[in-house]
Structure formats: C-alpha cells, structure tokens
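Q: One structure coming up, written as structure tokens, with questions to follow.
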Number of protein chains: 4
Amino acid sequence: MANDFEDHCWKDVVSPGALDIYAHYVRNILVGPSPALLAIDLYELAYQGGAKPVSELHKTFPSSCGEYAHAAIEPTKRLFNAARAASLPIFYTTQDMQPDGAPTRVTATKRRDVPRDPSLYAIRADFKPQPGDVIVPKQRASGFYGTPLLAHLIQLGIQTVIVCGESTSGCVRASSVDAYSHGFHVVIVEECCFDRSLLSHKVNLFDLHHKYADVMHVDNVIAHLDSQAVKKAS
Amino acid sequence: MANDFEDHCWKDVVSPGALDIYAHYVRNILVGPSPALLAIDLYELAYQGGAKPVSELHKTFPSSCGEYAHAAIEPTKRLFNAARAASLPIFYTTQDMQPDGAPTRVTATKRRDVPRDPSLYAIRADFKPQPGDVIVPKQRASGFYGTPLLAHLIQLGIQTVIVCGESTSGCVRASSVDAYSHGFHVVIVEECCFDRSLLSHKVNLFDLHHKYADVMHVDNVIAHLDSQAVKKAS
Amino acid sequence: MANDFEDHCWKDVVSPGALDIYAHYVRNILVGPSPALLAIDLYELAYQGGAKPVSELHKTFPSSCGEYAHAAIEPTKRLFNAARAASLPIFYTTQDMQPDGAPTRVTATKRRDVPRDPSLYAIRADFKPQPGDVIVPKQRASGFYGTPLLAHLIQLGIQTVIVCGESTSGCVRASSVDAYSHGFHVVIVEECCFDRSLLSHKVNLFDLHHKYADVMHVDNVIAHLDSQAVKKAS
Amino acid sequence: MANDFEDHCWKDVVSPGALDIYAHYVRNILVGPSPALLAIDLYELAYQGGAKPVSELHKTFPSSCGEYAHAAIEPTKRLFNAARAASLPIFYTTQDMQPDGAPTRVTATKRRDVPRDPSLYAIRADFKPQPGDVIVPKQRASGFYGTPLLAHLIQLGIQTVIVCGESTSGCVRASSVDAYSHGFHVVIVEECCFDRSLLSHKVNLFDLHHKYADVMHVDNVIAHLDSQAVKKAS
C-alpha cells in the first residue's frame, strides 16, 4: 500500500523532489476503529450558480465552489449511503446563524460581506440530515472551535473521524487538524472535498496527508465501510 | 479591605477554625480592568412557582430556585442597570435547545427529565436582552464549554468577567472556574447568585472566593461601575 | 442500588430536606466502560507534617491536608493496585514547575506564597509512577486545562475516568467537571479524595455526585476492577 | 495599502485568475493593538546541516529546513530586537520532551522517527530566551493545543499575536488558525517564517493571509514596533 501513498491529486503540483524530502512520512493508511462521519459545510451557498468554473461565478456568488462543488455531489452521496449502511454517527457543520449569537465583529474568516440569509446555510438536499444526525453550528473555521462536537464524539466512543466537505483549505483543514490534535485518527475523502481554488485544494490535501490525516480515495473508504456493514449484519 | 474578606453569606456555615486555615488566601478584592457582565441561566425555568421555599416547589417545578431566585431579582436588575450605564458588554447563557444539536445521550448534568419546552429557557423579562447583547446557548454547565464565548471576550479585549445568575453550585461555579483558568479576573456578585440549596450556595461561594474569584457584594460592584460610568461621561 | 444513592460522607451535613429536593437525580451508579485512573496532585506537599489535624499544621505547612491526606493513603494504594491489575492506563497530575513556563502572574488558584521547591511536587512514593504511566504537569486547577491529557485519553479510547486525589474542592472538582463536560463517564472514589476542609470535601462530593459524577466507595470500585482483571486473565 | 495586498511571495505560484476570485478578501492590513511575539519552534533541529538545499540535507537531517531556515535568521533577529525594544511579551514554543509526558503513541504529526535528543529542541542561540520570556512546550502542532499559552495571553491583556518561526505549513499555520479562532488579531511575518517545502510555504501563507491573518513584510512590522517603542520612551 505504501507504493500508493502519493497517488493523489497533488501529483501534478508537488514536484518529485518535494515528494522525495517527504519520504519519511510514508506509512500504511487505513480507516481506523470506531468511525464517525463529519461533513463540513455542505450548505447551499457552496453550490450557487451551478457546475460552472469559479472564475465565471465569483462576482455573483463569491462563496460558490461551482464545478468543484458539483463534481463532489455524486461521490459524497455514495459516501453518505455507505456511512448510513454501516451505522456511523453522522455530524454536519454549518454556519451559526443565531441572530444574537456574537458581537458584530466576530467572523469565521477575514472575508468581507459574508451572506446572512439563513436558507443559504441549509444542508443541501442531496445530503439531507436524517433523524438522529447532529447539526453543529459554528462561528469559526474548525467544527471543533466553540462547539460541543468533541464531547459528542467522546460520549459515543468515536476514535476515527472521516471528513468530507468544503473548503479544503479552510474549514476542512481546520477541522482535520483539530481532530488530529484531539487524538482522533483522521481520514479525509479526497473526491468528497472541494475548494474554490484547485491549487489550495491540492496543496492542503498534501499537507494534511503527510502531517495529520490519511487522505483516501472514496472507493477505498466505501469498500471498508461496506465490509463493516456486512460484518454487523452477519 | 482585608478585614472584610470573610464578611459574606458563608459565615454561619464555615467555622472560625476553617476560616483560620484559609487565612493565607486573604487579599484585597476588586472589580478589575476591562469588565464584561456574564449572566448565567437567568431563564424562566428558575423562577417557576413564585417566591416560595424550594421544598414546596420541587415536586411540581424540579428546577425552580423559588424564593432564592425571586430574592435575587431586584439586586440583579440594579446590577444590569449599572452595567448598561457603564457600557459593559453583556453576555447571557442559556440552555441550547436546538432540536438536532446533540446525540440523545448528551446532557448538561446528570439530572433526569430536563424540561424540553424552549419557552422555559427564554431569559426572564426583568433582564431582557437588548440589541447588541449576546446570547450563548450551551449544552454543559460552563458557559465556556462548547461555545464561542471565549473568542468574543478576547476579541473585545475583556480582562474581567463579572458573574451573576444560577445555580451557584452548578453553572455559576463551572463558568467562574473556567473564566479564572482562562486568565480572566473573576468577580461574583453574591446577592445576584442563587441555588436550590442554601448550603451548596454558601459553600460554593466560599470555595470560589478563596480559590478563583472575588466574591463581592452587589452594592460594592455597582458603586465601582457607577464611578466608571461617571468617568466615561466626563 | 438506588437506595444507597445518598449513603455517603455528606449525610451529616446535607439535611434530609435538601436530599429530598435532589431526589430527581437518583440513578444507578457504575464504573462505566474503558476506564483510566486519574490521580490528582498526590504530591508530597499534601502530606507535610504527618497525620495531624490541619488546624495544627497550617501555619507551618499551609498546603498540607494532614490527617485527611494520611487517612487516604491505604485506600489509594489499594485502588492503584486494582487499577494496575486490571491494566488501566494511569495518569497523574502535578504542579508544573518549569521555571520559565509562565509569566509571573499566572497561578493555579488565588492562593498566596505557593511553594516553589520542585521536590514538594514529586508524587508520593506510596503511589510511585511506573514505566508507561503518564505525568501531566498543570498550571491550573483542572488536569485538563492547558494540558494534553484530553488527547491522550481519546487516543487510548478511554470512556470512563476514575478520579482520586486532592483537593476535593479544588483540583478534583475542576478536573471532574471538565471530564464530564468532555463526555467521559466520571467516577470519584470517595475514600481516596481529601481536602483541607471537611465541610468543603463533603459538600463538593455531594455537588459532584448529583450533577456530574458517580461518587463510589473504594470497595465497590475495586470489586469492579478485580472482576475485569479476572475476565482479562481468563 | 490595498494595492499591495497581494505583493507577497506567493505571486509566482498563485495565478492571476486565482487572485481574482479572492478579491473580496482584500482589506487594509495592520499590526493591531496590544501585541505579543509568538516564536514557533525556533529550535536547533530546524537548522541542522547548515544553509544548504533541503534536498541535500533530508537524508541526514530529515527535519532541517536548511537554506530556508538560515535565510530567516537575520530578519528574525531584527524582529526580536524590535519586539524587545517595544517591550512586547515574548513566547517561544518548542517540542515537549518530558520523558513521561505522553503515552507512547501520541505525536505532533504523523512523521516517523521524530528525534528524541532534548538538545535538538533547545531554542537557537540567535534568539536566546531572556529572563521574563516564556517557553511553551507542546505535543501537537499548534502552540495553543494542550498548553496554557492562551491563559497567559489573556492574563497579559494581549489582543494581537505576531507569529514567526517554522514550519509555515505545520506549526505556524496551526498556531495562527487557533490564534484567529480565539479572537486575536494575527500578524505573520513573511521573511521570518520558513518551511522545508517552498510550495507549501507559499500556498500556506496565501491561505492564511486571505482567511485568518495579516501576512506582513518584516520591515513593515519592525517600523510599526519602532514607532511604538518611541512613543513609550517619550
């Protein structure tokens, strides 16, 4: 498996020389025990304007990930199906829209003009939360910051966090680093993460894979979850 | 001022011998710089059934602090008025009632049958939040746990947290210990805190005063805030 | 078992009327799954001057718990033996004595003149750490504040924290509340906790038992651990 | 000043099209009030083997940042001098080397074979800590995770954190994101940060500048600190 360690989307931006100096991070990757699914910011805002290049959308829909968001819909639906079949607890993060929840100056990132229409922060219907799923409103990038997510994971005995969603360079990265720091095994599903910038997407997955997380292809994650679902059923 | 250090409600339950072994905690007490007001759980649930002894209420209203809650209304209104006149940022905590905000097993304390009617967790009209005030929903005892309260205080440059509310032995204590651990100067306003059990109220204030906070009488806190309000006005 | 719910050391200070208004907290108590032992501040400082009343020691040894500390030695040794036989991970907290570890104004509590001799913060030989045990230096009351303890517990898959040590009203309480908030099941071993003030000891155990933790007698905890050790061996 | 917003080292790797879609992050940048200096992991390990390309060093010194580390020495010395002249509190992070401080499986990143010689984690003599400076040992990437750093900053009334050190894509990024989440204004000094990979260095500074921090040139930061030092002196 170690041979496939660098077989990921960053191959065309990280030079062979750079991969060489990271050789001492190579290891076997795996899903890990007692997993939960953590879906970061799969809200409507990220899909606005449809499956078009971000460069055509950003003036009208400055938060849309456009074609990258839409390309991730099918693999993410498959991931959710496998997670539900394997009875994984499912947590979604979204933007905290409570009107009196913060002094006016507190924001998740340094972005100006964050949209304030609550319906834009509803989870997209493709991944609609089911009874028993948990929604975690947050004010910062990480799903762990200023939220009770950690306590829920501990109380359920979770040891592995499987991460998908957006943006790779923002909330996905911040949540994954925090999950790793807290002692969880972290899996990031490559095809189910996306960003407005392809370079940031790739370099952040590269950083995360080497330092904090096992970046895995969606087919491999689903195959593992399916095998667990079969075990439970038998 | 050190002479008054033990002139508080615990005098009739903590023996002179016990006070003697705490003598090395005696110090001058004060409000401290850059204060904010933190009002813990001043929601309707605590006042249910009116100003009666808790022993007469607990079967019908198991969360009510009865006569202790009602006795604190007038001093707490005076404290809010002084805090507003001195332009203090004001934060309220309350129970997080988001329906899908937690797996079913997560609760603030080990209490059974926590009431689930959201209107019971509205802030009492006597202390009605004003525009610009912040409401902090929480799932645990401390107002800092699983909430962005800390980030708000830091962003506003707060260095002192003035605490009032209930219960003294539960959320007030947990919030005060966390505020102290985080590096804030903590003031607890004696007449504006209350509990269902008078013994727990007194012993917890005793513990907090010696270890983590300056327990002060409401008149002294208001006098300080008034002097600050005058300074700002002139 | 619910009949024994209030059969603890606080019986002589909490009135029957007060117990009655706490009746809705009564529940079965238990050790819980995947336990670790958390030994709070079992350092030499707490035992200075020998098994004498605190009132006779406090002028010379202001941090000693005297007779209460020494009475807890034997039960705590038994608890450690049972925990080791059952292969529980063991964590000790102690005072962080790193000379350049804090600005001069940061302290664990508001106590003046905290002793600065590192040898006083060595774990007492009766409970000597063994290879593989973890020592957690802390600057605040809670063993979780400003330490990586939480990450270690998560990484080991711990779900229950068994707490012993001192002081009941200080670091034991703060650590136990944090453990509960983080989602762990918390067990406090009554005979293995102690304080300088008997009243604070009893009222804090009362508060903790009703709100956050299962206060259990050492014999019951050891019986449970012994049964687990037998299971593992067979 | 907004015209210079993108005048940074990432200009040659982030395309004009990508910069265009980030236009709504453009804003004035500044040092901010009440600053402290946070120097991340300026320990000897990062400088091993001298000012050579990382590709020539990594087999012998797998943690060395080589020429990048050495290029940052002079600007970082200038930054320290300016910070000391302006009386900023100074915090250094380093690797926690306490021998019994963690279960064997806990590490800062997923790197194998982390060197265990404590002398490699001593702060480089060029930036030697002075009396009153604070050293923060950490077990994870962020200087805030599992450390009391946050409480120290709050207790000192700090509102701005000026970050330098290494690695940009690891501990600098993790610490900066946490500082921002906690509510601090964050300044990252471009010439005083370094990484083993130039691409990761540039893309991470790009991400940080747009989302969480003001990436500034060392000359601008020093000019600001010098002006503050003059104000204090007069």
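Quick note on naming: the chains in the structure tokens go A, B, ... in the order shown, residues restart at 1 in each chain, and ligands are numbered from 1 in order of appearance.
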Can you check which parts of chain B lie within 6 Å of chain A? Per residue, the shortest pair of atoms and distance in Å to one decimal, counting only C-alpha atoms, sorted by chain and number, as a tab-separated table.

A:
residue	atom	partner	partner_atom	distance
B:Asp100	CA	A:Val134	CA	5.3
B:Gly101	CA	A:Ile135	CA	5.4
B:Ala102	CA	A:Val134	CA	5.7
B:Val134	CA	A:Asp100	CA	5.3
B:Ile135	CA	A:Gly101	CA	5.4
B:Gly146	CA	A:Thr147	CA	4.0
B:Thr147	CA	A:Gly146	CA	4.0
B:Pro148	CA	A:Gly146	CA	4.1

Q: Go ahead and dump the residues you just picked, all heavy atoms, as a compact mmCIF listing (two decimals), in the first residue's frame.

A:
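As a result, out_3.txt now contains:
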# COMPACT_ATOMS: atom_id res chain seq x y z
N ASP B 100 -31.74 19.32 16.87
CA ASP B 100 -30.81 18.30 16.37
C ASP B 100 -29.38 18.62 16.75
O ASP B 100 -28.44 18.27 16.05
CB ASP B 100 -30.95 18.17 14.84
CG ASP B 100 -30.89 19.54 14.17
OD1 ASP B 100 -30.56 20.53 14.85
OD2 ASP B 100 -31.17 19.61 12.96
N GLY B 101 -29.20 19.26 17.91
CA GLY B 101 -27.89 19.76 18.30
C GLY B 101 -27.03 18.79 19.08
O GLY B 101 -25.89 19.12 19.42
N ALA B 102 -27.55 17.62 19.38
CA ALA B 102 -26.76 16.68 20.18
C ALA B 102 -27.30 15.27 20.00
O ALA B 102 -28.49 15.09 19.74
CB ALA B 102 -26.83 17.06 21.65
N VAL B 134 -25.29 39.58 23.77
CA VAL B 134 -25.04 38.30 23.12
C VAL B 134 -25.65 37.17 23.96
O VAL B 134 -25.49 37.15 25.18
CB VAL B 134 -23.52 38.06 22.94
CG1 VAL B 134 -23.25 36.70 22.30
CG2 VAL B 134 -22.91 39.18 22.09
N ILE B 135 -26.33 36.26 23.28
CA ILE B 135 -26.89 35.08 23.95
C ILE B 135 -26.01 33.88 23.59
O ILE B 135 -25.76 33.62 22.42
CB ILE B 135 -28.32 34.78 23.45
CG1 ILE B 135 -29.18 36.03 23.43
CG2 ILE B 135 -28.96 33.66 24.27
CD1 ILE B 135 -29.64 36.52 24.75
N GLY B 146 -17.89 24.33 24.90
CA GLY B 146 -18.62 24.10 23.66
C GLY B 146 -19.31 25.33 23.13
O GLY B 146 -20.32 25.22 22.42
N THR B 147 -18.80 26.50 23.46
CA THR B 147 -19.38 27.77 22.99
C THR B 147 -18.25 28.70 22.53
O THR B 147 -17.10 28.53 22.94
CB THR B 147 -20.15 28.51 24.11
OG1 THR B 147 -19.22 29.19 24.96
CG2 THR B 147 -21.01 27.57 24.92
N PRO B 148 -18.59 29.72 21.74
CA PRO B 148 -17.56 30.67 21.31
C PRO B 148 -17.40 31.85 22.28
O PRO B 148 -16.77 32.84 21.91
CB PRO B 148 -18.08 31.15 19.95
CG PRO B 148 -19.56 30.95 20.01
CD PRO B 148 -19.85 29.86 21.01

Q: Can you pull out the residues contacting Val163 of chain D? Cut-off 9 Å, using only C-alpha atoms, and skip same-chain residues under 4 positions away; I want them as a PyMOL selection string.

A: chain D and resi 36-40+172+175-176+186-189+192-193

Q: Write the residues of the selection above to a file with N, CA and C atoms, as a PDB file, in the first residue's frame.

A:
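Ended up saving to part-v5.pdb:
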ATOM      1  N   ALA D  36       1.831  40.644  21.260  1.00  0.00           N
ATOM      2  CA  ALA D  36       2.878  39.785  21.824  1.00  0.00           C
ATOM      3  C   ALA D  36       3.556  39.076  20.649  1.00  0.00           C
ATOM      4  N   LEU D  37       4.803  38.663  20.846  1.00  0.00           N
ATOM      5  CA  LEU D  37       5.524  37.895  19.823  1.00  0.00           C
ATOM      6  C   LEU D  37       5.432  36.410  20.151  1.00  0.00           C
ATOM      7  N   LEU D  38       5.055  35.621  19.162  1.00  0.00           N
ATOM      8  CA  LEU D  38       4.963  34.168  19.334  1.00  0.00           C
ATOM      9  C   LEU D  38       5.926  33.513  18.341  1.00  0.00           C
ATOM     10  N   ALA D  39       6.997  32.952  18.868  1.00  0.00           N
ATOM     11  CA  ALA D  39       8.060  32.370  18.032  1.00  0.00           C
ATOM     12  C   ALA D  39       7.914  30.850  18.047  1.00  0.00           C
ATOM     13  N   ILE D  40       7.589  30.297  16.884  1.00  0.00           N
ATOM     14  CA  ILE D  40       7.229  28.881  16.805  1.00  0.00           C
ATOM     15  C   ILE D  40       8.449  28.027  16.459  1.00  0.00           C
ATOM     16  N   VAL D 172       3.302  26.767  12.371  1.00  0.00           N
ATOM     17  CA  VAL D 172       2.955  28.176  12.183  1.00  0.00           C
ATOM     18  C   VAL D 172       1.497  28.293  11.762  1.00  0.00           C
ATOM     19  N   SER D 175      -0.912  27.177  14.675  1.00  0.00           N
ATOM     20  CA  SER D 175      -0.940  28.172  15.756  1.00  0.00           C
ATOM     21  C   SER D 175      -1.677  29.433  15.324  1.00  0.00           C
ATOM     22  N   SER D 176      -1.480  29.839  14.071  1.00  0.00           N
ATOM     23  CA  SER D 176      -2.119  31.063  13.586  1.00  0.00           C
ATOM     24  C   SER D 176      -3.628  30.900  13.462  1.00  0.00           C
ATOM     25  N   VAL D 186      -4.074  38.456  14.161  1.00  0.00           N
ATOM     26  CA  VAL D 186      -2.872  37.667  13.909  1.00  0.00           C
ATOM     27  C   VAL D 186      -2.051  38.319  12.797  1.00  0.00           C
ATOM     28  N   VAL D 187      -0.768  38.534  13.073  1.00  0.00           N
ATOM     29  CA  VAL D 187       0.179  39.028  12.071  1.00  0.00           C
ATOM     30  C   VAL D 187       1.234  37.947  11.857  1.00  0.00           C
ATOM     31  N   ILE D 188       1.486  37.586  10.613  1.00  0.00           N
ATOM     32  CA  ILE D 188       2.534  36.613  10.304  1.00  0.00           C
ATOM     33  C   ILE D 188       3.644  37.348   9.545  1.00  0.00           C
ATOM     34  N   VAL D 189       4.862  37.210  10.029  1.00  0.00           N
ATOM     35  CA  VAL D 189       5.976  37.952   9.433  1.00  0.00           C
ATOM     36  C   VAL D 189       6.612  37.084   8.354  1.00  0.00           C
ATOM     37  N   CYS D 192      10.241  35.846   8.247  1.00  0.00           N
ATOM     38  CA  CYS D 192      10.655  35.156   9.473  1.00  0.00           C
ATOM     39  C   CYS D 192       9.948  33.815   9.643  1.00  0.00           C
ATOM     40  N   CYS D 193       9.278  33.358   8.588  1.00  0.00           N
ATOM     41  CA  CYS D 193       8.675  32.029   8.598  1.00  0.00           C
ATOM     42  C   CYS D 193       9.356  31.184   7.529  1.00  0.00           C
TER      43      CYS D 193
END

Q: Just the residues within 12 Å of Ala125 of chain D, please, counting only C-alpha atoms, with nothing from its chain fewer than 4 positions along; format it as a list of chain:residue names.

A: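 Answer for this query is D:Leu42, D:Tyr43, D:Glu44, D:Tyr47, D:Ile73, D:Lys77, D:Ser119, D:Leu120, D:Tyr121, D:Pro129, D:Gln130.
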
Q: Would you mind listing what lies within 7 Å of segment 194-196 of chain D as a list in words, with only C-alpha atoms counted and same-chain residues fewer than 3 positions away left out?

A: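 Within the cut-off, the hits are Val54, Cys65, Tyr68, Ala69, Gly165, Glu166, Ser167, Thr168, Ser169 and His201 of chain D.
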
Q: Please report, as an MDAnalysis selection string, each residue of segment 24-225 of chain B to which DSSP assigns alpha helix (DSSP H) when run on this structure's backbone.

A: chainID B and resid 54:57 66:71 73:85 149:155 173:181 198:211 218:225

Q: As a PyMOL selection string, list the residues of segment 107-151 of chain D assigned to strand (DSSP E or B) by DSSP on the backbone atoms of this structure.

A: chain D and resi 123+134-138
